[in-house]
Amino acid sequence: MTQEQTDLTIANPKMSARDVKVFYGPKQAIKGVSIDVDMDHVTAFIGPSGCGKSTFLRTLNRMNDTVASARVEGEITLDGENIYAPTMDVVQLRARVGMVFQKPNPFPKSIYENIAYGPRIHGLAAGKADMDVIVEKSLRRAGLWDEVKDRLNDSGTALSGGQQQRLCIGRAIAVEPEVILMDEPCSALDPIATAKIEELIHELRGRYGIVIVTHNMQQAARVSQRTAFFHLGELVEYGVTSDIFTNPRQERTKDYITGRYG
Amino acid sequence: MTAQRLPTDWKSDAMRKRIARRYGAERRFKLAGLAAVALSAAFLAFLLFTMMGNGLRGFTRTEIALTVDFPASPLLLDPNAITDEALANANLPMVTGEVAKKALGGDADALLSPTAWISIRDAIKADPKILSRTETIRVPASTAIDLAAKSKGSPEAEAEVARLKQQGVLSTGINWNFLTASDGTDPTQVGIWGAFKGSLLTMLVTLLLSFPVGVATALYLEEYAPKAWWTDIIEVSINNLAAVPSIIFGLLGLSIFLNFLHLPRSAALIGGMTLALMTMPVIVIAGRNAIKAVPPSIRDAALGIGASPVQVVFQHVLPLALPGILTGTIIGMARALGETAPLLMIGMRAFIATPPGGITDPATVLPVQIFLWSDEVSKGFVEKTSAAIIVLLVFLLAMNGLAIYLRNKFETRW
Amino acid sequence: MTGPAILLLLAGLGAIAWVSARARALRLQTVARATGRRDAVHSLPGYHGWYVALWTLIPAGLFLAVWANVSPGLVTQAVLADPAAQSLPLDAFSRSAVLGEARAIATGLQSGAFNPASQALVEPYSAALNTYGVAGAVLALILAFAGGAYAFTRVRPDFRARTRVERLVMATLLVASLLAIVTTLGIVASLLWESFRFFSMVNPIDFLFGLKWSPQSAAMGYGNDDAFGAVPLFWGTIFIGAIIAMIVAIPLGLMSAVYLTQYASSTVRKWMKPILEVLAGVPTVVYGYFAALTVAPALRDLAVSVGIHGASSESALAAGLVMGVMIIPFVSSMADDSIAAVPQSMRDGSLAMGATTSETITRVLIPAALPGVVGGVLLAVSRAIGETMIVVMAAGLAANMTANPFASVTTVTTQIVQLLTGDQEFDSAKTLAAFALGLVLFIVTLLLNIVALRVVKKYREAYE
Ligand SMILES: Nc1ncnc2c1ncn2[C@@H]1O[C@H](COP(=O)(O)OP(=O)(O)O)[C@@H](O)[C@H]1O
Ligand SMILES: [Mg+2]
């Protein structure tokens, strides 16, 4: 370890993974990953496709529970609490750790109902007026309010791709999560929509812990302050984004960011 | 921007209670789903159980051991000249009645089935020498006795059964008659052979008509049909025919085949033709799916080496699609075998006491026979109806099993 | 000469034609090949064989088909011209009876005559049958020979036999697929024609909107006015098929599909799905018997024990319940397909929000799958109202307009069966009414199907 690089182990991380292994049936997809995620920085996961970025991301809010063959070992904590402990409630966990998917997946309901979905199931709104406040606030934070405020009853699926993705971000925000996980949120979008999402991530930073998976290194460099490089299920290198891109410690990281493979 | 909201306090009592409630709802919902599946399965089990409970008895019959002292009986037969004609003229029914009166006492006519004399005739035919001695022959009991012995009969019959049991002449045998005889007026003498043969002939006609036409249509539509308004009409027609209620096909058969073409009423031929119209769309739809599943690469390969379009289809596509087509055909035939309503329309509900000899003879089929027996008032028909249902279900099960087997065996993934 | 013998003979001729033409083609082609020109030979010898065989069989076969329809008329004419026919009765009915009997004896179907007049005609009948039989056979054989010979002369190495044979194959396939249209037209034509005759006797308005159904009274000569009001039948059909059966089938079918696709382990799914499908494979006559024998009496006893009036041993409830069970697998497989068509990302999206599985199902999956489910339910309704045996055996014949499920109601299909079985003259309003009912049933099920398929198709496209 060289001097210039910061030690990223923090005293009270928001989320922390220790020696996490994930198996799909007999096949091991994640091979002992340890990492800390905090609220103040955007963390980017990069790496060649199939290296396990999505798999690891999904362990952070236990979405892998929905895959019958998946099995997780090791410890992941949220505010020091093991999220795989039997006492941990998944429903609550997923409300606290929200997720945005690669392909925008608004429900086939109105824009309003899309945003209201989470608060409604979790019982976060005291009434109709309260719900209206939540919807407006979430859409404003997602940067969508001005575009849709006159057509809240239109179907969410009628929006453009970029708007849909911001709607999904707004939907996740509406339940006031602590961490938001984003799995390649811009890979299905055009450059203008991508720029809007990146801008949004800047604005959300600090209020929520944000982890973003991307295969686009420029994007990682633009939006994140911490970057983790995955390869073949291993966490090869984790560091301050500028360090990783200008001064990678590992040969494999260097090869990857200089485009030698990927 | 409105007021800042605080992060949710997930640990609060209210929130904990709410989550517990949600999990309760989740459990109840899952349970409701399980209950729906279980209820459906239970209904099926109940149905099969009822049919078995009633029907298995239909395969057995109560017999009475009748001791016949032939030399002392009023029977006038020469043991050395037993011909069918001699037996027919010997007035065996009357003799049987006399003998029974002597051997069993009471109202002997009420004890024995009207067909009891047939057992005696068969015994004489099998061994004419018994005419010179006393012989114990087991003859079928009457419906009342049969019911009382097997389950629950009228009080009088129950009393008679008790008396006969004491004499030690009651026994239970397999009712072969049920598999070899045809319809009749008395439940002890009916059988399903006639209806079964009718079903067989009808299915034969259905298969011979619907299979070639169905396969040809499927091939044409999948492989050659140009995209045009009239091929659309063919498509729409087939999809509609597949959804038309079966009784409408019966009306078609009645008005076209019987009233317009004057084909023979109640015949397996008409039944088969009517069912073929119903089965054809099923075969076409299954056939098209099977043909669609044959990858285009195989066609391209054959065309590439200079085969004509007809050769490609008949030498390459059809053999590969055949298992799928056969599966669809068997399923369609199984449906036709269970079909009742359209056959009622074309007169296949007549009382047919002799098995049909050919496809133009008046015939009935198994499901219609079940329907006819279900309408009989005599209580003895309940077990016969259920027994016939068991036979029908066994055949349907076998056909569906065969279809599943074929599908699994030849299922290919390209 | 008998029919089967001629057919056998023709088949033999066809086989000979095939073999000889093939042999000839083979020989000629060997010679032609020797010249070395690549295009000298067109079709495989087998195709030449088929070409000649088809020319042998098809003209002769067509002729025989026509002859079979024409010759009975010719035979009858010949018999009537015979002196023995002078004594025939003059009225058409007894005349044809006598002729029929004579024919039966002459063809050996019957051994003796009841009517001496027929006995006299047997002789001329056999003679005429024989003459025309032989004539037909000879003509057919001549045609077969002529066709075969013509085709045989065309067998040359470069003759395009395959093209000709394939053209015929294509034509056959085309004709086969046109049969579907013919059948549809046959249904529509026969229903329309008989209904038209019915509506010339009974006012369509009275039929469609009349409240009293008693065809029996019409048959007994009380006139056709207000005996054919079909509204009670329509009500009974809707009550049983669209209301009671659906109340059973929709929740059970939908919940079964939800459980099997979303909750059940793969083993449970593997076993339970086929078991549910068995419900759809049980013949309807079995359901009908079960409804009449077991369900209906139990329901009546139940109704009586809780003091419901008008409970009948044949009830709408018994028929509807059992029909609902029959429809369960139908609804469940449609729901299964529709739910499976909702993209996985919807489910993931909802679960990632912290929704439970049941919340995801009821708030996202089912609403998203709703058009497909509704389409499936419409198809199920169309199937239920066209179902016959269950209602015939368990619903009864009383044309009641009642909403009491324990009372007996009657349905369109029950009445069709009732009107067309038993004694019937074909032209009475009573029998023709069955076709009018059939027409209504046909139109309604057709519309339901068209709407349902539209809905389902639209829905599928939305997720493609
Ligand atoms: N549901 C699954 N079942 C089995 N294997 C899976 C599943 N999902 C992902 N994998 C495997 O796990 C590995 C990591 O996949 P993933 O996390 O999607 O990679 P990335 O997101 O980095 O492209 C891959 O080899 C992939 O094939
Ligand atoms: Mg990924």
# chains A, B, ... in the order shown; residues from 1 in each chain; ligands from 1

$ residues_near_ligand --ligand "ligand 1" --cutoff "9 Å" --atoms "only C-alpha atoms and all ligand atoms" --output "PyMOL selection string"
chain A and resi 22-25+27-30+45-58+64+67-70+183-184+213-215+230-233

$ interface_residues --of "chain B" --to "chain C" --cutoff "6 Å" --atoms "only C-alpha atoms" --output "ChimeraX atom specification"
/B:26,33,36-37,213,216-217,220,234,237-238,245,252,338

$ write_last_selection --atoms "C-alpha atoms" --output "CSV table (one decimal), in the first residue's frame"
chain,number,residue,atom,x,y,z
B,26,GLU,CA,-49.0,-12.7,3.7
B,33,GLY,CA,-53.8,-20.3,-2.4
B,36,ALA,CA,-57.7,-23.3,-3.6
B,37,VAL,CA,-55.3,-26.0,-4.9
B,213,VAL,CA,-57.5,-33.4,-43.2
B,216,ALA,CA,-52.9,-31.4,-44.5
B,217,THR,CA,-54.4,-28.2,-43.3
B,220,TYR,CA,-50.7,-26.0,-45.9
B,234,ILE,CA,-59.1,-20.2,-43.0
B,237,SER,CA,-62.5,-20.3,-39.2
B,238,ILE,CA,-60.2,-22.8,-37.5
B,245,PRO,CA,-69.8,-25.3,-28.3
B,252,LEU,CA,-74.9,-29.2,-37.9
B,338,GLY,CA,-65.8,-38.3,-23.9

$ select_by_dssp --residues "range 15-208 of chain B" --states "strand (DSSP E)" --output "CSV table (one decimal) with N, CA, C and O atoms, in the first residue's frame"
chain,number,residue,atom,x,y,z
B,60,THR,N,-69.1,-56.7,-10.2
B,60,THR,CA,-69.4,-58.0,-9.6
B,60,THR,C,-70.9,-58.3,-9.6
B,60,THR,O,-71.7,-57.4,-9.9
B,61,ARG,N,-71.3,-59.5,-9.4
B,61,ARG,CA,-72.7,-59.8,-9.3
B,61,ARG,C,-72.9,-60.8,-8.2
B,61,ARG,O,-72.1,-61.7,-7.9
B,62,THR,N,-74.1,-60.8,-7.6
B,62,THR,CA,-74.5,-61.7,-6.6
B,62,THR,C,-75.0,-63.0,-7.3
B,62,THR,O,-75.8,-62.8,-8.2
B,63,GLU,N,-74.5,-64.1,-6.9
B,63,GLU,CA,-75.0,-65.3,-7.6
B,63,GLU,C,-75.7,-66.2,-6.5
B,63,GLU,O,-75.3,-66.2,-5.4
B,64,ILE,N,-76.6,-67.0,-7.0
B,64,ILE,CA,-77.3,-68.0,-6.2
B,64,ILE,C,-77.0,-69.4,-6.7
B,64,ILE,O,-77.2,-69.6,-7.9
B,65,ALA,N,-76.5,-70.2,-5.8
B,65,ALA,CA,-76.2,-71.6,-6.2
B,65,ALA,C,-77.6,-72.4,-6.3
B,65,ALA,O,-78.3,-72.5,-5.3
B,66,LEU,N,-77.9,-72.7,-7.5
B,66,LEU,CA,-79.2,-73.4,-7.7
B,66,LEU,C,-79.0,-74.9,-7.9
B,66,LEU,O,-78.2,-75.2,-8.8
B,67,THR,N,-79.6,-75.7,-7.0
B,67,THR,CA,-79.4,-77.1,-7.2
B,67,THR,C,-80.5,-77.6,-8.1
B,67,THR,O,-81.7,-77.5,-7.8
B,68,VAL,N,-80.0,-78.1,-9.3
B,68,VAL,CA,-81.0,-78.6,-10.3
B,68,VAL,C,-81.0,-80.1,-10.4
B,68,VAL,O,-80.0,-80.7,-10.7
B,69,ASP,N,-82.1,-80.7,-10.1
B,69,ASP,CA,-82.2,-82.1,-10.2
B,69,ASP,C,-82.8,-82.3,-11.6
B,69,ASP,O,-84.0,-82.4,-11.8
B,134,THR,N,-78.0,-84.6,-10.7
B,134,THR,CA,-78.3,-83.4,-10.0
B,134,THR,C,-77.1,-82.5,-10.0
B,134,THR,O,-76.0,-83.0,-9.7
B,135,GLU,N,-77.3,-81.3,-10.3
B,135,GLU,CA,-76.1,-80.4,-10.5
B,135,GLU,C,-76.3,-79.0,-9.8
B,135,GLU,O,-77.5,-78.5,-9.8
B,136,THR,N,-75.3,-78.5,-9.2
B,136,THR,CA,-75.4,-77.1,-8.7
B,136,THR,C,-74.9,-76.1,-9.6
B,136,THR,O,-73.7,-76.2,-10.0
B,137,ILE,N,-75.8,-75.2,-10.0
B,137,ILE,CA,-75.3,-74.2,-11.0
B,137,ILE,C,-75.5,-72.8,-10.4
B,137,ILE,O,-76.5,-72.6,-9.8
B,138,ARG,N,-74.5,-72.0,-10.6
B,138,ARG,CA,-74.6,-70.6,-10.0
B,138,ARG,C,-75.3,-69.7,-11.0
B,138,ARG,O,-74.8,-69.5,-12.1
B,139,VAL,N,-76.4,-69.1,-10.6
B,139,VAL,CA,-77.1,-68.2,-11.5
B,139,VAL,C,-77.2,-66.8,-10.9
B,139,VAL,O,-77.1,-66.7,-9.7
B,140,PRO,N,-77.2,-65.8,-11.8
B,140,PRO,CA,-77.3,-64.4,-11.2
B,140,PRO,C,-78.6,-64.2,-10.5
B,140,PRO,O,-79.7,-64.6,-10.9
B,170,LEU,N,-75.7,-68.1,-1.3
B,170,LEU,CA,-75.3,-66.8,-1.9
B,170,LEU,C,-73.8,-66.7,-2.1
B,170,LEU,O,-73.0,-67.2,-1.3
B,171,SER,N,-73.3,-66.2,-3.2
B,171,SER,CA,-71.9,-65.9,-3.4
B,171,SER,C,-71.7,-64.7,-4.3
B,171,SER,O,-72.7,-64.3,-5.0
B,172,THR,N,-70.5,-64.2,-4.4
B,172,THR,CA,-70.3,-63.1,-5.3
B,172,THR,C,-69.3,-63.5,-6.4
B,172,THR,O,-68.3,-64.1,-6.1
B,173,GLY,N,-69.6,-63.2,-7.6
B,173,GLY,CA,-68.8,-63.5,-8.7
B,173,GLY,C,-68.5,-62.3,-9.6
B,173,GLY,O,-69.1,-61.3,-9.4
B,174,ILE,N,-67.5,-62.5,-10.5
B,174,ILE,CA,-67.2,-61.4,-11.4
B,174,ILE,C,-68.3,-61.3,-12.5
B,174,ILE,O,-68.7,-62.4,-13.0

$ interface_residues --of "chain A" --to "chain B" --cutoff "12 Å" --atoms "only C-alpha atoms" --output "compact mmCIF listing (two decimals) with N, CA, C and O atoms, in the first residue's frame"
# COMPACT_ATOMS: atom_id res chain seq x y z
N MET A 88 -33.56 -9.99 11.44
CA MET A 88 -33.69 -8.89 10.49
C MET A 88 -34.90 -9.15 9.59
O MET A 88 -35.10 -10.25 9.08
N ASP A 89 -35.70 -8.13 9.41
CA ASP A 89 -36.90 -8.26 8.60
C ASP A 89 -36.63 -7.75 7.19
O ASP A 89 -36.25 -6.61 7.00
N VAL A 90 -36.79 -8.62 6.19
CA VAL A 90 -36.44 -8.25 4.81
C VAL A 90 -37.25 -7.06 4.32
O VAL A 90 -36.75 -6.20 3.60
N VAL A 91 -38.54 -7.09 4.65
CA VAL A 91 -39.42 -6.03 4.19
C VAL A 91 -38.88 -4.67 4.63
O VAL A 91 -38.76 -3.74 3.85
N GLN A 92 -38.47 -4.62 5.90
CA GLN A 92 -37.92 -3.40 6.46
C GLN A 92 -36.58 -3.06 5.84
O GLN A 92 -36.31 -1.93 5.46
N LEU A 93 -35.76 -4.11 5.68
CA LEU A 93 -34.43 -3.92 5.11
C LEU A 93 -34.54 -3.28 3.73
O LEU A 93 -33.83 -2.34 3.40
N ARG A 94 -35.45 -3.80 2.93
CA ARG A 94 -35.54 -3.31 1.55
C ARG A 94 -36.14 -1.91 1.52
O ARG A 94 -35.92 -1.16 0.56
N ALA A 95 -36.92 -1.56 2.53
CA ALA A 95 -37.40 -0.19 2.59
C ALA A 95 -36.23 0.73 2.94
O ALA A 95 -36.16 1.86 2.47
N ARG A 96 -35.30 0.26 3.74
CA ARG A 96 -34.17 1.10 4.15
C ARG A 96 -33.07 1.10 3.10
O ARG A 96 -32.30 2.05 3.01
N PRO A 119 -44.76 4.14 0.01
CA PRO A 119 -45.35 4.71 1.22
C PRO A 119 -46.65 4.00 1.59
O PRO A 119 -46.95 3.82 2.77
N ARG A 120 -47.42 3.59 0.59
CA ARG A 120 -48.69 2.95 0.87
C ARG A 120 -48.47 1.59 1.55
O ARG A 120 -49.07 1.29 2.58
N ILE A 121 -47.63 0.76 0.96
CA ILE A 121 -47.47 -0.57 1.57
C ILE A 121 -46.81 -0.48 2.94
O ILE A 121 -47.08 -1.29 3.82
N HIS A 122 -45.94 0.52 3.12
CA HIS A 122 -45.27 0.62 4.42
C HIS A 122 -46.04 1.50 5.39
O HIS A 122 -45.60 1.67 6.53
N GLY A 123 -47.15 2.08 4.94
CA GLY A 123 -47.97 2.89 5.82
C GLY A 123 -47.26 4.15 6.28
O GLY A 123 -47.28 4.50 7.45
N LEU A 124 -46.62 4.87 5.35
CA LEU A 124 -45.84 6.05 5.73
C LEU A 124 -46.63 7.34 5.62
O LEU A 124 -46.18 8.37 6.10
N ALA A 125 -47.80 7.29 4.96
CA ALA A 125 -48.56 8.52 4.78
C ALA A 125 -49.77 8.49 5.69
O ALA A 125 -50.43 7.47 5.83
N ASP A 130 -51.21 14.03 2.96
CA ASP A 130 -49.85 13.64 3.28
C ASP A 130 -49.20 12.92 2.10
O ASP A 130 -48.04 13.18 1.75
N ASP A 132 -49.99 13.25 -1.02
CA ASP A 132 -49.72 14.22 -2.07
C ASP A 132 -48.38 14.91 -1.82
O ASP A 132 -47.58 15.11 -2.74
N VAL A 133 -48.13 15.23 -0.55
CA VAL A 133 -46.87 15.88 -0.20
C VAL A 133 -45.69 14.96 -0.52
O VAL A 133 -44.70 15.38 -1.13
N ILE A 134 -45.83 13.70 -0.11
CA ILE A 134 -44.73 12.75 -0.36
C ILE A 134 -44.48 12.62 -1.85
O ILE A 134 -43.33 12.63 -2.31
N VAL A 135 -45.56 12.48 -2.63
CA VAL A 135 -45.40 12.29 -4.08
C VAL A 135 -44.69 13.50 -4.68
O VAL A 135 -43.73 13.36 -5.43
N GLU A 136 -45.15 14.68 -4.31
CA GLU A 136 -44.54 15.88 -4.90
C GLU A 136 -43.06 15.97 -4.52
O GLU A 136 -42.19 16.18 -5.35
N LYS A 137 -42.78 15.72 -3.24
CA LYS A 137 -41.40 15.84 -2.78
C LYS A 137 -40.50 14.83 -3.48
O LYS A 137 -39.41 15.15 -3.94
N SER A 138 -40.99 13.60 -3.59
CA SER A 138 -40.17 12.56 -4.21
C SER A 138 -39.94 12.87 -5.68
O SER A 138 -38.82 12.71 -6.19
N LEU A 139 -40.97 13.34 -6.37
CA LEU A 139 -40.81 13.66 -7.79
C LEU A 139 -39.86 14.87 -7.95
O LEU A 139 -39.07 14.92 -8.89
N ARG A 140 -39.95 15.81 -7.02
CA ARG A 140 -39.02 16.95 -7.10
C ARG A 140 -37.59 16.48 -6.92
O ARG A 140 -36.69 16.85 -7.67
N ARG A 141 -37.40 15.63 -5.93
CA ARG A 141 -36.03 15.15 -5.69
C ARG A 141 -35.52 14.35 -6.87
O ARG A 141 -34.34 14.34 -7.16
N TRP A 145 -40.56 16.44 -11.30
CA TRP A 145 -41.82 17.11 -10.96
C TRP A 145 -42.29 18.06 -12.07
O TRP A 145 -43.45 18.01 -12.49
N ILE A 173 -37.01 6.71 -3.60
CA ILE A 173 -36.82 7.78 -2.62
C ILE A 173 -38.04 7.95 -1.73
O ILE A 173 -37.91 8.29 -0.55
N ALA A 174 -39.22 7.65 -2.27
CA ALA A 174 -40.46 7.95 -1.57
C ALA A 174 -40.57 7.28 -0.21
O ALA A 174 -41.29 7.74 0.65
N VAL A 175 -39.86 6.17 -0.01
CA VAL A 175 -39.94 5.52 1.30
C VAL A 175 -38.79 5.96 2.22
O VAL A 175 -38.57 5.35 3.25
N GLU A 176 -38.10 7.06 1.83
CA GLU A 176 -36.99 7.57 2.63
C GLU A 176 -35.98 6.48 2.99
O GLU A 176 -35.77 6.17 4.16
N PRO A 177 -35.36 5.89 1.98
CA PRO A 177 -34.37 4.86 2.30
C PRO A 177 -33.10 5.50 2.84
O PRO A 177 -32.94 6.73 2.76
N GLU A 178 -32.24 4.68 3.38
CA GLU A 178 -30.96 5.21 3.86
C GLU A 178 -29.89 5.03 2.79
O GLU A 178 -29.00 5.84 2.64
N VAL A 179 -30.01 3.90 2.07
CA VAL A 179 -29.04 3.61 1.00
C VAL A 179 -29.84 3.34 -0.27
O VAL A 179 -30.91 2.74 -0.21
N ARG A 207 -27.52 12.88 1.19
CA ARG A 207 -28.78 12.56 1.82
C ARG A 207 -28.96 11.04 1.93
O ARG A 207 -29.52 10.53 2.89
N TYR A 208 -28.50 10.34 0.90
CA TYR A 208 -28.59 8.88 0.89
C TYR A 208 -27.23 8.30 0.60
O TYR A 208 -26.45 8.89 -0.15

$ closest_residue --among "A:Ile192, A:Met182, A:Val72, A:Val211" --to "chain C" --atoms "only C-alpha atoms"
A:Met182

$ residues_around --residues "Ala84 in chain C" --least-positions-apart "5" --cutoff "8 Å" --atoms "only C-alpha atoms" --output "list of chain:residue names"
C:Ala120, C:Leu121, C:Pro124

$ interface_residues --of "chain C" --to "chain A" --cutoff "10 Å" --atoms "only C-alpha atoms" --output "PDB file with C-alpha atoms, in the first residue's frame"
ATOM      1  CA  SER C 265     -42.030 -25.667  -4.699  1.00  0.00           C
ATOM      2  CA  PRO C 343     -42.027  -9.257 -16.815  1.00  0.00           C
ATOM      3  CA  GLN C 344     -39.881 -10.427 -13.918  1.00  0.00           C
ATOM      4  CA  SER C 345     -38.670  -6.851 -13.501  1.00  0.00           C
ATOM      5  CA  MET C 346     -42.130  -5.823 -12.220  1.00  0.00           C
ATOM      6  CA  ARG C 347     -41.902  -8.416  -9.504  1.00  0.00           C
ATOM      7  CA  ASP C 348     -38.335  -7.454  -8.654  1.00  0.00           C
ATOM      8  CA  GLY C 349     -39.272  -3.786  -8.596  1.00  0.00           C
ATOM      9  CA  SER C 350     -42.022  -4.407  -6.103  1.00  0.00           C
ATOM     10  CA  LEU C 351     -40.020  -6.751  -3.888  1.00  0.00           C
ATOM     11  CA  ALA C 352     -37.121  -4.291  -3.861  1.00  0.00           C
ATOM     12  CA  MET C 353     -39.499  -1.674  -2.458  1.00  0.00           C
ATOM     13  CA  GLY C 354     -40.025  -3.939   0.530  1.00  0.00           C
ATOM     14  CA  ALA C 355     -43.371  -5.358  -0.533  1.00  0.00           C
ATOM     15  CA  THR C 356     -44.262  -8.851   0.638  1.00  0.00           C
ATOM     16  CA  THR C 357     -44.990 -11.523  -1.957  1.00  0.00           C
ATOM     17  CA  GLU C 359     -48.594  -7.437  -1.796  1.00  0.00           C
ATOM     18  CA  THR C 360     -46.579  -7.852  -4.965  1.00  0.00           C
ATOM     19  CA  ARG C 363     -50.973  -4.873  -6.175  1.00  0.00           C
ATOM     20  CA  VAL C 364     -48.637  -5.378  -9.120  1.00  0.00           C
ATOM     21  CA  LEU C 365     -48.838  -8.776 -10.780  1.00  0.00           C
ATOM     22  CA  PRO C 367     -53.372  -5.674 -11.958  1.00  0.00           C
ATOM     23  CA  ALA C 368     -50.737  -5.984 -14.655  1.00  0.00           C
ATOM     24  CA  ALA C 369     -52.092  -9.371 -15.732  1.00  0.00           C
TER      25      ALA C 369
END

$ select_by_dssp --residues "range 171-266 of chain C" --states "helix (DSSP H, G or I)" --output "PyMOL selection string"
chain C and resi 171-201+204-209+215-222+231-263+266

$ closest_residue --among "A:Pro185, A:Gly162, A:Val236, A:Glu203" --to "ligand 2" --atoms "only C-alpha atoms and all ligand atoms"
A:Pro185
